[in-house]
Structure formats: structure tokens, C-alpha cells
$ cat coords23.cif   # mmCIF, C-alpha atoms
data_structure
#
loop_
_atom_site.group_PDB
_atom_site.id
_atom_site.type_symbol
_atom_site.label_atom_id
_atom_site.label_comp_id
_atom_site.auth_asym_id
_atom_site.auth_seq_id
_atom_site.Cartn_x
_atom_site.Cartn_y
_atom_site.Cartn_z
ATOM 1 C CA MET A 1 0.000 0.000 0.000
ATOM 2 C CA ARG A 2 1.436 3.394 -0.926
ATOM 3 C CA GLY A 3 2.445 5.468 2.088
ATOM 4 C CA ILE A 4 1.400 9.015 2.745
ATOM 5 C CA VAL A 5 3.857 11.741 3.568
ATOM 6 C CA VAL A 6 2.541 15.177 4.422
ATOM 7 C CA VAL A 7 4.978 18.051 3.992
ATOM 8 C CA LEU A 8 4.381 21.302 5.851
ATOM 9 C CA THR A 9 6.480 24.429 5.819
ATOM 10 C CA LEU A 10 6.869 26.350 9.052
ATOM 11 C CA ALA A 11 9.255 29.299 9.272
ATOM 12 C CA GLY A 12 11.124 28.069 6.249
ATOM 13 C CA VAL A 13 11.631 24.547 7.608
ATOM 14 C CA TRP A 14 10.577 21.334 5.920
ATOM 15 C CA VAL A 15 8.586 19.151 8.310
ATOM 16 C CA ALA A 16 7.925 15.594 7.188
ATOM 17 C CA LEU A 17 5.214 13.542 8.812
ATOM 18 C CA PRO A 18 6.088 9.988 7.760
ATOM 19 C CA GLY A 19 3.291 7.669 6.887
ATOM 20 C CA MET A 20 3.532 4.070 5.773
ATOM 21 C CA HIS A 21 6.622 3.027 3.825
ATOM 22 C CA GLY A 22 6.329 4.139 0.224
ATOM 23 C CA ARG A 23 7.264 6.979 -2.134
ATOM 24 C CA GLY A 24 6.703 10.416 -0.675
ATOM 25 C CA SER A 25 7.587 13.952 -1.621
ATOM 26 C CA GLY A 26 9.319 15.298 1.464
ATOM 27 C CA PRO A 27 12.627 15.133 3.324
ATOM 28 C CA PRO A 28 13.514 12.486 5.907
ATOM 29 C CA PRO A 29 12.170 12.824 9.453
ATOM 30 C CA ALA A 30 14.251 14.922 11.838
ATOM 31 C CA ASP A 31 15.570 11.893 13.729
ATOM 32 C CA GLY A 32 16.346 9.899 10.592
ATOM 33 C CA TYR A 33 15.605 6.211 10.204
ATOM 34 C CA TRP A 34 18.520 4.315 11.779
ATOM 35 C CA GLN A 35 21.126 4.571 14.518
ATOM 36 C CA THR A 36 24.762 3.439 14.417
ATOM 37 C CA LEU A 37 25.266 -0.221 15.290
ATOM 38 C CA PRO A 38 28.019 -1.005 17.811
ATOM 39 C CA THR A 39 31.331 -2.805 17.380
ATOM 40 C CA ALA A 40 30.950 -6.506 16.495
ATOM 41 C CA SER A 41 27.878 -5.896 14.322
ATOM 42 C CA TRP A 42 29.679 -6.491 11.038
ATOM 43 C CA SER A 43 28.527 -10.064 10.430
ATOM 44 C CA LYS A 44 24.850 -9.101 10.722
ATOM 45 C CA LEU A 45 24.824 -6.212 8.275
ATOM 46 C CA PRO A 46 22.351 -6.336 5.354
ATOM 47 C CA GLY A 47 23.581 -6.301 1.772
ATOM 48 C CA ASP A 48 22.958 -4.163 -1.284
ATOM 49 C CA ALA A 49 19.527 -5.481 -2.225
ATOM 50 C CA ALA A 50 18.199 -5.686 1.339
ATOM 51 C CA CYS A 51 19.117 -2.069 1.998
ATOM 52 C CA ALA A 52 17.717 -0.907 -1.329
ATOM 53 C CA ALA A 53 14.416 -2.400 -0.186
ATOM 54 C CA LYS A 54 14.637 -0.553 3.147
ATOM 55 C CA VAL A 55 15.228 2.876 1.602
ATOM 56 C CA HIS A 56 12.375 5.319 2.199
ATOM 57 C CA ARG A 57 11.767 6.619 -1.301
ATOM 58 C CA SER A 58 10.929 10.262 -1.832
ATOM 59 C CA GLU A 59 10.948 12.686 -4.730
ATOM 60 C CA TRP A 60 12.640 15.235 -2.448
ATOM 61 C CA GLU A 61 15.918 16.298 -4.051
ATOM 62 C CA PRO A 62 17.699 19.386 -2.674
ATOM 63 C CA ARG A 63 20.650 18.869 -5.061
ATOM 64 C CA PRO A 64 19.182 18.273 -8.540
ATOM 65 C CA GLY A 65 22.660 18.739 -10.033
ATOM 66 C CA ASN A 66 23.577 15.353 -8.531
ATOM 67 C CA GLN A 67 21.216 13.540 -10.884
ATOM 68 C CA GLU A 68 23.859 12.033 -13.164
ATOM 69 C CA PRO A 69 26.188 10.681 -10.434
ATOM 70 C CA ASN A 70 23.131 9.654 -8.394
ATOM 71 C CA GLN A 71 22.128 7.363 -11.255
ATOM 72 C CA THR A 72 25.625 6.039 -11.968
ATOM 73 C CA MET A 73 26.729 2.613 -10.763
ATOM 74 C CA PRO A 74 30.366 1.702 -11.435
ATOM 75 C CA PRO A 75 31.235 -1.729 -12.887
ATOM 76 C CA GLU A 76 31.525 -3.996 -9.870
ATOM 77 C CA LEU A 77 34.449 -6.013 -11.232
ATOM 78 C CA ALA A 78 36.357 -2.815 -11.990
ATOM 79 C CA VAL A 79 35.756 -1.540 -8.463
ATOM 80 C CA HIS A 80 37.016 -4.746 -6.883
ATOM 81 C CA ALA A 81 40.061 -4.913 -9.136
ATOM 82 C CA SER A 82 40.950 -1.284 -8.439
ATOM 83 C CA LEU A 83 40.631 -1.568 -4.666
ATOM 84 C CA ALA A 84 42.571 -4.836 -4.628
ATOM 85 C CA ALA A 85 45.425 -3.266 -6.605
ATOM 86 C CA ARG A 86 45.846 -0.262 -4.304
ATOM 87 C CA PRO A 87 49.231 0.139 -2.581
ATOM 88 C CA HIS A 88 49.497 -1.161 0.954
ATOM 89 C CA ASP A 89 51.011 0.647 3.901
ATOM 90 C CA PRO A 90 54.441 -0.932 4.501
ATOM 91 C CA ARG A 91 54.120 -0.407 8.234
ATOM 92 C CA ALA A 92 53.629 -3.766 9.899
ATOM 93 C CA GLU A 93 50.057 -4.807 10.594
ATOM 94 C CA ALA A 94 48.354 -1.597 9.490
ATOM 95 C CA TYR A 95 45.000 -3.349 9.070
ATOM 96 C CA ASP A 96 43.258 -6.435 10.336
ATOM 97 C CA SER A 97 42.981 -9.067 7.607
ATOM 98 C CA GLN A 98 39.210 -8.508 7.535
ATOM 99 C CA TRP A 99 39.798 -5.143 5.879
ATOM 100 C CA ASP A 100 40.876 -6.767 2.617
ATOM 101 C CA LYS A 101 39.078 -10.093 2.958
ATOM 102 C CA TRP A 102 35.603 -8.871 3.876
ATOM 103 C CA LEU A 103 35.337 -5.099 4.076
ATOM 104 C CA LEU A 104 36.584 -3.728 0.732
ATOM 105 C CA PRO A 105 35.170 -6.607 -1.378
ATOM 106 C CA ARG A 106 31.763 -5.564 -0.045
ATOM 107 C CA VAL A 107 32.024 -2.084 -1.591
ATOM 108 C CA THR A 108 30.059 -1.921 -4.861
ATOM 109 C CA GLY A 109 28.335 1.424 -5.283
ATOM 110 C CA HIS A 110 25.403 -0.511 -6.729
ATOM 111 C CA HIS A 111 22.465 1.717 -5.943
ATOM 112 C CA THR A 112 20.647 4.548 -7.683
ATOM 113 C CA GLY A 113 18.210 7.108 -6.386
ATOM 114 C CA THR A 114 18.007 10.656 -5.117
ATOM 115 C CA THR A 115 20.856 12.045 -3.057
ATOM 116 C CA ASP A 116 19.116 11.191 0.206
ATOM 117 C CA GLU A 117 18.096 7.742 -0.990
ATOM 118 C CA ASN A 118 21.759 6.976 -1.697
ATOM 119 C CA ILE A 119 22.661 8.251 1.767
ATOM 120 C CA GLN A 120 20.054 5.993 3.358
ATOM 121 C CA TRP A 121 21.254 2.983 1.382
ATOM 122 C CA ALA A 122 24.881 3.359 2.431
ATOM 123 C CA ALA A 123 23.952 4.027 6.055
ATOM 124 C CA CYS A 124 21.808 0.891 6.135
ATOM 125 C CA LYS A 125 24.490 -1.238 4.484
ATOM 126 C CA TRP A 126 27.188 -0.336 7.002
ATOM 127 C CA GLY A 127 25.137 0.029 10.170
ATOM 128 C CA LEU A 128 25.466 3.788 10.487
ATOM 129 C CA ALA A 129 22.996 6.436 11.570
ATOM 130 C CA ASP A 130 21.663 8.030 8.408
ATOM 131 C CA ASN A 131 21.789 11.429 10.110
ATOM 132 C CA LEU A 132 25.493 10.899 10.740
ATOM 133 C CA VAL A 133 26.069 10.333 7.030
ATOM 134 C CA ARG A 134 23.925 13.358 6.176
ATOM 135 C CA ALA A 135 25.926 15.504 8.606
ATOM 136 C CA VAL A 136 29.322 14.352 7.297
ATOM 137 C CA ALA A 137 28.165 14.976 3.725
ATOM 138 C CA ASN A 138 27.137 18.459 4.772
ATOM 139 C CA ALA A 139 30.520 19.102 6.367
ATOM 140 C CA GLU A 140 32.380 17.840 3.302
ATOM 141 C CA SER A 141 30.370 19.276 0.423
ATOM 142 C CA THR A 142 26.942 20.528 1.521
ATOM 143 C CA TRP A 143 25.697 17.466 -0.392
ATOM 144 C CA TYR A 144 27.246 18.266 -3.772
ATOM 145 C CA GLN A 145 28.639 15.175 -5.487
ATOM 146 C CA LYS A 146 30.167 16.898 -8.523
ATOM 147 C CA ASP A 147 29.412 20.594 -8.927
ATOM 148 C CA LEU A 148 31.149 21.905 -12.054
ATOM 149 C CA TYR A 149 31.892 25.234 -13.703
ATOM 150 C CA PRO A 150 31.059 25.584 -17.426
ATOM 151 C CA THR A 151 34.726 24.888 -18.210
ATOM 152 C CA GLY A 152 34.482 21.466 -16.548
ATOM 153 C CA ALA A 153 36.500 22.589 -13.529
ATOM 154 C CA CYS A 154 35.251 21.195 -10.247
ATOM 155 C CA VAL A 155 33.901 23.548 -7.598
ATOM 156 C CA GLU A 156 36.084 23.250 -4.508
ATOM 157 C CA LYS A 157 34.230 22.185 -1.363
ATOM 158 C CA ARG A 158 31.336 21.090 -3.582
ATOM 159 C CA GLY A 159 32.647 17.806 -4.877
ATOM 160 C CA CYS A 160 36.426 18.185 -4.775
ATOM 161 C CA GLY A 161 39.082 19.541 -2.456
ATOM 162 C CA ASP A 162 42.412 19.096 -0.666
ATOM 163 C CA LEU A 163 44.442 20.681 -3.432
ATOM 164 C CA PHE A 164 48.171 19.946 -3.497
ATOM 165 C CA PRO A 165 49.803 23.093 -2.067
ATOM 166 C CA LYS A 166 52.756 22.769 -4.438
ATOM 167 C CA ALA A 167 54.015 20.587 -7.254
ATOM 168 C CA THR A 168 56.078 17.523 -6.286
ATOM 169 C CA PRO A 169 57.147 14.334 -8.066
ATOM 170 C CA ALA A 170 54.340 12.547 -6.223
ATOM 171 C CA SER A 171 51.723 15.111 -7.240
ATOM 172 C CA LYS A 172 52.915 14.885 -10.857
ATOM 173 C CA GLU A 173 52.330 11.145 -10.993
ATOM 174 C CA PHE A 174 48.982 11.392 -9.269
ATOM 175 C CA CYS A 175 47.623 14.314 -11.317
ATOM 176 C CA ASN A 176 48.731 12.737 -14.588
ATOM 177 C CA GLY A 177 46.993 9.553 -13.483
ATOM 178 C CA LEU A 178 43.719 11.392 -12.869
ATOM 179 C CA LYS A 179 43.627 12.883 -16.342
ATOM 180 C CA ILE A 180 43.455 9.388 -17.837
ATOM 181 C CA HIS A 181 39.887 9.302 -16.539
ATOM 182 C CA GLY A 182 38.439 12.081 -18.646
ATOM 183 C CA TYR A 183 39.555 15.418 -17.223
ATOM 184 C CA ASP A 184 42.899 17.100 -16.603
ATOM 185 C CA TYR A 185 42.610 19.119 -13.400
ATOM 186 C CA GLN A 186 46.014 20.652 -14.064
ATOM 187 C CA ARG A 187 44.218 22.901 -16.560
ATOM 188 C CA ASP A 188 42.641 24.628 -13.579
ATOM 189 C CA TYR A 189 45.330 24.519 -10.908
ATOM 190 C CA GLY A 190 48.628 24.450 -12.772
ATOM 191 C CA THR A 191 51.178 21.818 -13.742
ATOM 192 C CA ASP A 192 51.345 18.892 -11.294
ATOM 193 C CA ARG A 193 48.599 20.308 -9.054
ATOM 194 C CA CYS A 194 45.117 18.865 -8.630
ATOM 195 C CA PRO A 195 42.581 17.904 -5.927
ATOM 196 C CA LYS A 196 43.199 14.867 -3.738
ATOM 197 C CA THR A 197 39.592 14.295 -2.654
ATOM 198 C CA PHE A 198 36.328 13.996 -4.559
ATOM 199 C CA SER A 199 32.623 13.405 -3.956
ATOM 200 C CA ILE A 200 29.772 14.340 -1.680
ATOM 201 C CA ILE A 201 31.590 12.858 1.314
ATOM 202 C CA GLY A 202 35.205 13.746 0.596
ATOM 203 C CA VAL A 203 36.718 10.415 -0.441
ATOM 204 C CA MET A 204 40.504 10.698 -0.656
ATOM 205 C CA SER A 205 41.943 9.437 -3.924
ATOM 206 C CA TYR A 206 45.621 10.126 -3.296
ATOM 207 C CA GLN A 207 47.917 7.608 -1.675
ATOM 208 C CA ASP A 208 51.542 8.201 -0.756
ATOM 209 C CA PRO A 209 53.761 6.696 -3.482
ATOM 210 C CA ALA A 210 56.208 5.699 -0.752
ATOM 211 C CA TRP A 211 53.763 2.888 -0.040
ATOM 212 C CA GLY A 212 54.536 1.254 -3.364
ATOM 213 C CA GLU A 213 54.701 1.832 -7.088
ATOM 214 C CA VAL A 214 51.258 1.429 -8.628
ATOM 215 C CA PRO A 215 49.559 3.065 -11.606
ATOM 216 C CA GLU A 216 48.479 6.612 -10.810
ATOM 217 C CA ASN A 217 49.555 6.441 -7.152
ATOM 218 C CA GLN A 218 46.026 6.508 -5.905
ATOM 219 C CA ASN A 219 44.123 4.302 -3.513
ATOM 220 C CA GLY A 220 41.805 2.596 -5.964
ATOM 221 C CA THR A 221 38.804 4.884 -5.495
ATOM 222 C CA PHE A 222 39.092 7.101 -8.585
ATOM 223 C CA PRO A 223 37.154 7.758 -10.798
ATOM 224 C CA PHE A 224 34.354 5.874 -9.045
ATOM 225 C CA ASN A 225 34.253 8.329 -6.136
ATOM 226 C CA ARG A 226 33.928 11.265 -8.539
ATOM 227 C CA ASP A 227 31.376 9.720 -10.884
ATOM 228 C CA SER A 228 29.065 7.775 -8.540
ATOM 229 C CA THR A 229 27.346 9.128 -5.440
ATOM 230 C CA ALA A 230 26.512 5.635 -4.245
ATOM 231 C CA PHE A 231 30.120 4.467 -4.548
ATOM 232 C CA ALA A 232 31.435 7.435 -2.567
ATOM 233 C CA LEU A 233 28.934 6.861 0.234
ATOM 234 C CA ASP A 234 29.516 3.098 0.123
ATOM 235 C CA TYR A 235 33.258 3.596 0.523
ATOM 236 C CA TYR A 236 32.722 5.989 3.421
ATOM 237 C CA GLY A 237 30.484 3.451 5.121
ATOM 238 C CA ALA A 238 33.135 0.761 4.691
ATOM 239 C CA PHE A 239 35.797 2.955 6.284
ATOM 240 C CA MET A 240 33.563 3.795 9.233
ATOM 241 C CA ARG A 241 32.512 0.189 9.837
ATOM 242 C CA GLY A 242 36.095 -1.041 9.600
ATOM 243 C CA CYS A 243 37.176 1.645 12.039
ATOM 244 C CA LEU A 244 34.317 0.873 14.433
ATOM 245 C CA GLU A 245 35.252 -2.806 14.364
ATOM 246 C CA GLY A 246 38.835 -1.907 15.287
ATOM 247 C CA TRP A 247 40.334 -3.132 12.024
ATOM 248 C CA ALA A 248 42.294 0.052 11.207
ATOM 249 C CA TRP A 249 45.217 -0.681 13.505
ATOM 250 C CA TRP A 250 47.241 2.215 12.129
ATOM 251 C CA LEU A 251 44.727 4.566 13.732
ATOM 252 C CA SER A 252 44.228 3.240 17.230
ATOM 253 C CA GLY A 253 46.209 0.053 17.541
ATOM 254 C CA LYS A 254 44.744 -3.368 18.127
ATOM 255 C CA ASP A 255 43.057 -2.298 21.369
ATOM 256 C CA VAL A 256 39.343 -2.167 20.623
ATOM 257 C CA ALA A 257 38.375 -1.626 24.247
ATOM 258 C CA ALA A 258 37.241 1.933 23.560
ATOM 259 C CA ALA A 259 33.585 1.526 22.736
ATOM 260 C CA GLY A 260 30.437 3.535 22.246
ATOM 261 C CA THR A 261 30.705 7.273 21.773
ATOM 262 C CA GLU A 262 34.477 7.363 22.279
ATOM 263 C CA ARG A 263 35.182 4.946 19.434
ATOM 264 C CA LEU A 264 32.539 6.470 17.166
ATOM 265 C CA ASP A 265 33.953 9.963 17.712
ATOM 266 C CA GLY A 266 37.436 8.702 16.983
ATOM 267 C CA CYS A 267 36.292 7.215 13.679
ATOM 268 C CA ILE A 268 34.342 10.319 12.646
ATOM 269 C CA GLY A 269 37.409 12.451 13.229
ATOM 270 C CA ALA A 270 39.777 10.002 11.578
ATOM 271 C CA TRP A 271 37.857 10.261 8.302
ATOM 272 C CA TYR A 272 38.803 13.927 8.151
ATOM 273 C CA ALA A 273 42.186 14.037 9.842
ATOM 274 C CA GLY A 274 43.630 10.605 9.057
ATOM 275 C CA ALA A 275 44.642 10.392 12.691
ATOM 276 C CA TRP A 276 43.160 9.274 15.986
ATOM 277 C CA ARG A 277 41.630 11.953 18.234
ATOM 278 C CA THR A 278 44.009 14.756 17.273
ATOM 279 C CA LYS A 279 42.960 18.412 17.599
ATOM 280 C CA PRO A 280 41.849 18.675 13.927
ATOM 281 C CA ALA A 281 39.961 15.398 14.298
ATOM 282 C CA GLN A 282 38.213 16.540 17.462
ATOM 283 C CA ASP A 283 37.276 19.873 15.893
ATOM 284 C CA TYR A 284 35.756 18.004 12.964
ATOM 285 C CA VAL A 285 33.699 15.850 15.339
ATOM 286 C CA VAL A 286 32.297 19.011 16.909
ATOM 287 C CA THR A 287 31.293 20.278 13.461
ATOM 288 C CA VAL A 288 29.622 17.011 12.489
ATOM 289 C CA LYS A 289 27.716 16.806 15.775
ATOM 290 C CA LYS A 290 26.573 20.390 15.320
ATOM 291 C CA PHE A 291 25.099 19.478 11.946
ATOM 292 C CA MET A 292 23.492 16.353 13.397
ATOM 293 C CA ALA A 293 21.792 18.504 16.034
ATOM 294 C CA GLU A 294 20.781 21.348 13.720
ATOM 295 C CA ARG A 295 19.821 19.204 10.692
ATOM 296 C CA PRO A 296 20.406 21.954 8.116
ATOM 297 C CA TRP A 297 19.043 19.756 5.307
ATOM 298 C CA LEU A 298 15.558 20.384 6.750
ATOM 299 C CA ASP A 299 15.918 24.138 6.211
ATOM 300 C CA ARG A 300 14.348 25.300 2.942
ATOM 301 C CA ALA A 301 17.064 27.937 2.476
ATOM 302 C CA TRP A 302 19.732 25.193 2.584
ATOM 303 C CA ALA A 303 18.161 23.644 -0.514
ATOM 304 C CA SER A 304 18.758 26.853 -2.498
ATOM 305 C CA PRO A 305 22.320 27.941 -1.733
ATOM 306 C CA SER A 306 24.130 30.666 -3.636
ATOM 307 C CA PRO A 307 26.387 29.321 -6.404
ATOM 308 C CA PHE A 308 30.158 29.553 -6.013
ATOM 309 C CA CYS A 309 30.891 31.940 -8.878
ATOM 310 C CA SER A 310 34.285 32.889 -10.232
ATOM 311 C CA TRP A 311 35.206 35.848 -12.449
ATOM 312 C CA LEU A 312 37.336 33.458 -14.502
ATOM 313 C CA ARG A 313 35.052 30.404 -14.603
ATOM 314 C CA HIS A 314 31.665 32.084 -14.203
ATOM 315 C CA CYS A 315 28.963 30.243 -12.246
ATOM 316 C CA PRO A 316 28.273 26.488 -11.967
ATOM 317 C CA GLY A 317 25.444 25.421 -14.227
ATOM 318 C CA GLU A 318 25.791 28.298 -16.636
ATOM 319 C CA GLY A 319 25.792 27.261 -20.270
#

$ encode --input "coords23.cif" --output "C-alpha cells"
Amino acid sequence: MRGIVVVLTLAGVWVALPGMHGRGSGPPPADGYWQTLPTASWSKLPGDAACAAKVHRSEWEPRPGNQEPNQTMPPELAVHASLAARPHDPRAEAYDSQWDKWLLPRVTGHHTGTTDENIQWAACKWGLADNLVRAVANAESTWYQKDLYPTGACVEKRGCGDLFPKATPASKEFCNGLKIHGYDYQRDYGTDRCPKTFSIIGVMSYQDPAWGEVPENQNGTFPFNRDSTAFALDYYGAFMRGCLEGWAWWLSGKDVAAAGTERLDGCIGAWYAGAWRTKPAQDYVVTVKKFMAERPWLDRAWASPSPFCSWLRHCPGEG
């Protein structure tokens, strides 16, 4: 039976009154649909199809420019081959064996839908609170998967970021590797300079070449993270679940005693800082929690932000 969702607007805020499960026309409820599952939940997580069936479908789309990447699913075999070929940290025992045996092979990016439907799907698949994923996506990009100027240049902080501060031999190899996949970012930033991260949720593509000589010196995520919203969110979910399970030994060691909020906060911060509970990581946690509390995606003004215009590149979306 088709559900009913009533959408009211009060003081510029979307208010969704969820009815029975079905296709609606409004945003998610303020408290979201799911909460984060604790450590040791990995073996009970649902898969791609099960989570696709659990997604609360709605025509609500605050980022219509995401339509193409929202509907893009990368070839699963190509994803698995790319992630398997990534360089490995030479430091002893950087990851639990489950990271490569179970975690990464589970990443597919095989879902399509609106931006929020893709968020729900990834949150379900990895046992995360959907409002956590919404908040991190807001912190990373304000929900833009691939905002572009008319020239094809990516809009920083709206789908790409972490620009190399200067040209190096490592940046040269990485940037030249990226251009194989359809766009040369050096056109926009200069020789041997390009973004390191892409997507709605800030997936890092760069990997230190000191870890091993591989094509493009990247971690196996590109161009999937740029071209597919579902892949980017799927990869984020995998990182968070692996961290919550204590499998990223390079972050916090093999001691998984820290549980609950402490471990979750450490993993949220590590996504941004690449380190465990440092000052930048802790500041990022504060930002994410602020967004989780304020839920800016329910504000009507948030759905119509001003474009990032440039005198050189004009405005995104302009023909």
C-alpha cells in the first residue's frame, strides 16, 4: 500500500510527517531512520539489495545537479580490481585481515536514487545512523557530489578539495593519473597540481607513493568516487565500519576496548584528519555533531544555496 507523507512548511523549515513506507515527496524525518550499530555488528549487516528495499523513497531532491552521479553505478568487477590493486602501507600490521578479505570486497556502489536515498542505502548497508552520514556529507560538500563550472572545472568544497599546495614528483604522478579518466585538473590549478579528494563525502583518492609503485599512485577509489554518489557513500560506510570494528590498527592500535561514543567519535574524526583523536579530528567531530543537532538539510534555504561563482570560470550550471 502506498504510504502518505505530508509536507508542511513552518518558518522556512521542511517538516515531514512519515506515513507508511512508500514513495513520498518530502525530506527524511528529523531523527532519521537508523542509529549506528556497535562494534561486532559487522557479520549481521544487510547487503545491497536488502538495503535498497529498506530505503524510504521520496521525490525530495535538494541537489538536482547530482542527478547524473546519483544514477551512476560503477562496474563492480572494476571496483574490486581497483581496490585490490591499491598500494598497501608498509608499516607492519596496518589493518586487520578482515579489511581486505571482507570489508573492501563488499564495496560496490550498486544503488541509484536521489541524493538522500543513496545516503540511506549506504547508512543501512554499514550500520550507520543516516543522520550521521547526512551531517558528514554536509561538512564535506553541503551534499554536492560533482558541482562543475562551465569549463568542466570542479567547484572546490562542492565535490572536490584538498588541493596539493605545491608541485612535487608525487603530485605529478597522481595528477597525470587522474587525467586518464576524462579530465585534466592541471588545466585549472597548474602543472602537477590537482585535488586529492572527490565526492559528496570527501573520499581521498591520493595515496603516498612511498607505499609502493602502482599506476596513478592513488588508492583505488578514482574515478568511481567522482562519478558515482553511491560508490562514494559506500566507501565511506566501509571505512567507518572497519574503524568501528577496530580493524584500522594504524589509527588506534589493536586495542578495541574503547567503545560507544568514544570509538565512534574517533572514527568520525579520523575520516577527516587521518589520525586518531588529534585536535583537527576533534574539531571536525564538533562540526559534524553540530550538523546532526541542527539538521540543516531540513531548512528550505539550505536547498537553495548561492552558487560559487568565479570571475574566470563564471557560475556552476551556466551554459

$ resolve_selection --input "coords23.cif" --expression "the PyMOL selection byres ((chain A and resi 59) around 6)" --output "list in words"
Ser25, Ser58 and Trp60 of chain A

$ residues_near_point --input "coords23.cif" --point "(17.0, -2.0, -0.4)" --cutoff "10 Å" --atoms "all atoms listed in the file" --output "ChimeraX atom specification"
/A:46-56,111,117,120-122,124-125

$ resolve_selection --input "coords23.cif" --expression "the PyMOL selection byres ((chain A and resi 201) around 6)" --output "PyMOL selection string"
chain A and resi 137+140+199-200+202-203

$ residues_around --input "coords23.cif" --residues "region 182-192 of chain A" --least-positions-apart "3" --cutoff "7 Å" --atoms "all atoms listed in the file" --output "list in words"
Ala153, Ala167, Ser171, Lys172, Cys175, Leu178 and Lys179 of chain A

$ atom_distance --input "coords23.cif" --atom1 "CA of Ala303 (chain A)" --atom2 "CA of Pro62 (chain A)"
4.8 Å

$ residues_near_point --input "coords23.cif" --point "(27.0, 0.4, -8.0)" --cutoff "8 Å" --atoms "only C-alpha atoms" --output "ChimeraX atom specification"
/A:72-76,108-112,228,230-231
